[in-house]
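Dumped input27.csv below, it's CSV, C-alpha atoms:
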chain,number,residue,atom,x,y,z
Y,188,TRP,CA,0.0,0.0,0.0
Y,189,GLU,CA,1.5,3.3,-1.0
Y,190,GLY,CA,-0.8,5.6,0.9
Y,191,SER,CA,-3.1,8.3,-0.3
Y,192,GLU,CA,-3.1,12.0,-0.8
Y,193,PRO,CA,-3.9,14.0,2.3
Y,194,TRP,CA,-7.4,15.5,2.2
Y,195,LEU,CA,-6.1,18.8,3.8
Y,196,PRO,CA,-3.4,20.9,2.2
Y,197,PHE,CA,0.0,20.6,3.7
Y,198,PRO,CA,1.5,24.0,4.8
Y,199,PRO,CA,4.1,25.4,2.3
Y,200,GLU,CA,6.8,25.8,5.0
Y,201,PRO,CA,6.1,23.3,7.8
Y,202,GLY,CA,9.5,23.7,9.5
Y,203,PRO,CA,8.7,26.9,11.4
Y,204,ARG,CA,5.3,25.5,12.5
Y,205,SER,CA,6.7,22.3,13.9
Y,206,VAL,CA,6.6,21.5,17.7
Y,207,GLU,CA,10.4,21.5,17.7
Y,208,SER,CA,10.5,25.1,16.3
Y,209,LEU,CA,7.7,26.4,18.4
Y,210,GLY,CA,9.2,24.8,21.5
Y,211,ALA,CA,12.4,26.7,21.0
Y,212,ASP,CA,10.6,30.0,20.7
Y,213,GLU,CA,9.4,31.3,24.2
Y,214,GLY,CA,7.1,33.7,22.4
Y,215,SER,CA,5.3,31.1,20.3
Y,216,ILE,CA,1.7,30.1,20.4
Y,217,LEU,CA,2.7,26.7,21.9
Y,218,HIS,CA,4.2,28.5,24.9
Y,219,LEU,CA,1.2,30.8,25.2
Y,220,TYR,CA,-1.2,27.8,25.3
Y,221,ARG,CA,1.0,26.1,27.9
Y,222,ARG,CA,0.9,29.2,30.1
Y,223,LEU,CA,-2.9,29.5,29.7
Y,224,LEU,CA,-3.4,25.9,30.6
Y,225,ALA,CA,-1.1,26.1,33.6
Y,226,ALA,CA,-2.9,29.3,34.8
Y,227,ARG,CA,-6.3,27.5,34.5
Y,228,ARG,CA,-5.1,24.4,36.3
Y,229,THR,CA,-3.7,26.5,39.3
Y,230,SER,CA,-6.5,29.1,39.5
Y,231,PRO,CA,-9.8,28.2,41.1
Y,232,ALA,CA,-11.3,31.4,39.6
Y,233,LEU,CA,-10.4,30.3,36.1
Y,234,SER,CA,-11.6,26.8,36.5
Y,235,VAL,CA,-14.8,27.1,38.6
Y,236,GLY,CA,-15.1,30.8,39.5
Y,237,GLU,CA,-18.0,33.2,39.0
Y,238,LEU,CA,-18.0,35.3,35.8
Y,239,ARG,CA,-18.7,39.0,35.7
Y,240,LEU,CA,-18.6,40.9,32.4
Y,241,LEU,CA,-17.0,44.4,32.7
Y,242,ASP,CA,-18.9,47.2,31.2
Y,243,ASP,CA,-16.9,50.3,32.0
Y,244,LEU,CA,-14.1,49.6,29.5
Y,245,PRO,CA,-13.1,51.6,26.5
Y,246,GLU,CA,-15.0,50.8,23.2
Y,247,GLY,CA,-13.4,47.9,21.4
Y,248,VAL,CA,-12.2,46.2,24.6
Y,249,LEU,CA,-13.9,43.1,26.0
Y,250,GLY,CA,-13.2,42.3,29.6
Y,251,TYR,CA,-14.5,40.0,32.3
Y,252,GLU,CA,-13.5,38.9,35.8
Y,253,ARG,CA,-13.5,35.4,37.2
Y,254,THR,CA,-13.5,35.1,41.0
Y,255,HIS,CA,-13.5,32.2,43.5
Y,256,GLY,CA,-12.8,33.0,47.1
Y,257,ASP,CA,-9.7,35.1,47.3
Y,258,ASP,CA,-8.6,34.3,43.7
Y,259,HIS,CA,-9.5,37.2,41.3
Y,260,ARG,CA,-8.5,37.1,37.6
Y,261,THR,CA,-9.3,39.7,34.9
Y,262,VAL,CA,-9.2,39.0,31.2
Y,263,LEU,CA,-9.0,41.9,28.8
Y,264,VAL,CA,-9.0,41.7,25.0
Y,265,ASN,CA,-8.4,44.6,22.6
Y,266,PHE,CA,-10.3,44.1,19.3
Y,267,LEU,CA,-9.0,47.4,17.9
Y,268,ASP,CA,-6.1,48.2,15.6
Y,269,ALA,CA,-4.8,50.8,18.0
Y,270,PRO,CA,-3.5,50.7,21.6
Y,271,VAL,CA,-6.0,51.3,24.3
Y,272,PRO,CA,-5.2,52.4,27.9
Y,273,VAL,CA,-7.1,50.5,30.6
Y,274,PRO,CA,-7.3,51.9,34.1
Y,275,LEU,CA,-5.9,49.4,36.7
Y,276,HIS,CA,-5.4,49.5,40.4
Y,277,ARG,CA,-1.8,49.4,41.5
Y,278,ASP,CA,-2.1,46.1,43.3
Y,279,PHE,CA,-2.2,43.7,40.4
Y,280,ALA,CA,0.2,41.1,39.2
Y,281,VAL,CA,0.5,40.1,35.6
Y,282,ASP,CA,-0.3,36.5,34.8
Y,283,ILE,CA,-0.2,36.2,31.1
Y,284,THR,CA,0.0,38.5,28.1
Y,285,SER,CA,0.0,37.3,24.6
Y,286,ASP,CA,3.8,37.6,24.4
Y,287,GLY,CA,4.5,36.5,28.0
Y,288,GLY,CA,5.8,39.9,29.0
Y,289,LEU,CA,4.7,42.5,31.6
Y,290,PHE,CA,1.4,44.4,31.2
Y,291,ASP,CA,1.7,48.2,31.7
Y,292,GLY,CA,-2.0,49.1,31.5
Y,293,ILE,CA,-1.9,49.7,27.8
Y,294,LEU,CA,-3.5,47.0,25.6
Y,295,ALA,CA,-1.6,46.8,22.3
Y,296,PRO,CA,-3.6,46.3,19.1
Y,297,SER,CA,-5.2,42.9,19.1
Y,298,GLN,CA,-3.7,42.0,22.4
Y,299,ALA,CA,-5.2,39.9,25.2
Y,300,VAL,CA,-4.0,39.8,28.8
Y,301,LEU,CA,-4.8,37.8,31.9
Y,302,VAL,CA,-4.1,39.6,35.2
Y,303,ARG,CA,-4.3,38.4,38.8
Y,304,ALA,CA,-5.4,41.0,41.3
Y,305,ALA,CA,-3.5,41.0,44.7
Y,306,GLY,CA,-6.4,42.3,46.7
Y,307,GLY,CA,-9.7,42.0,44.8
Y,308,SER,CA,-10.6,43.4,41.4
Y,309,ALA,CA,-7.8,44.6,39.2
Y,310,LEU,CA,-10.1,47.3,37.8
Y,311,PRO,CA,-11.8,50.2,39.6
Y,312,ARG,CA,-15.5,49.6,40.2

What do you get writing this file as structure tokens?
Amino acid sequence: WEGSEPWLPFPPEPGPRSVESLGADEGSILHLYRRLLAARRTSPALSVGELRLLDDLPEGVLGYERTHGDDHRTVLVNFLDAPVPVPLHRDFAVDITSDGGLFDGILAPSQAVLVRAAGGSALPR
């Protein structure tokens, strides 16, 4: 048996998309997924917490909080092609940004962040 043609197209340059290549790049989608899964496993708020949509955000930004006991997480997503400032309390710790870096309160174009509040909500109410 010689096999058959795949029914889905094969990517033109599969090398950069391989697990080996993505594993070597700390900023890759593979590492982002691993950080997100680790955050979900270790956070009661993300796995079983209550959900509250945030409505006092700039236009083009979606946000919600997940809380469970003392665990408070805030997810922010910028759907715009421009940076957007988001007001945050000072007592927050960055969990995850799309590039794994620090979040300074400015959502870059098409950026999503996950922040952990040290003492309650990361955003003013």

Would you mind telling me which residue in Y:Ala299, Y:Arg227, Y:Ala211, Y:Trp194 lies nearest to Leu267 of chain Y when using only C-alpha atoms?
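That would be Y:Ala299, the residue with the smallest distance to Leu267 of chain Y.
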
Query raised in the report: So what do you get for atom CA of Glu237 of chain Y versus atom CA of Leu301 of chain Y, distance-wise?
Result: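 If I compute the distance from atom CA of Glu237 of chain Y to atom CA of Leu301 of chain Y, I get 15.7 Å.
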
Can you measure atom CA of Asp268 of chain Y to atom CA of Ala295 of chain Y for me? One decimal in Å is fine.
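So the two atoms, atom CA of Asp268 of chain Y and atom CA of Ala295 of chain Y, lie 8.2 Å apart.
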
Notebook entry, point to check: Between atom CA of Leu217 of chain Y and atom CA of Arg204 of chain Y, what is the distance, to one decimal in Å?
Noted result: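 Computed distance, atom CA of Leu217 of chain Y to atom CA of Arg204 of chain Y, equals 9.8 Å.
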
If you count all atoms listed in the file, the residue of Y:Arg303, Y:Leu195, Y:Pro272, Y:Gly236 closest to Asp291 of chain Y turns out to be Y:Pro272

From Y:Leu223, Y:Val264, Y:Glu189, Y:Phe197, residue lying nearest Leu241 of chain Y [all atoms listed in the file] =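 Counting all atoms listed in the file, the residue closest to Leu241 of chain Y is Y:Val264.
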
Fill in: Within 7 Å of Pro231 of chain Y using only C-alpha atoms, minus same-chain residues under 3 positions, as an MDAnalysis selection string
chainID Y and resid 234:236 255 258
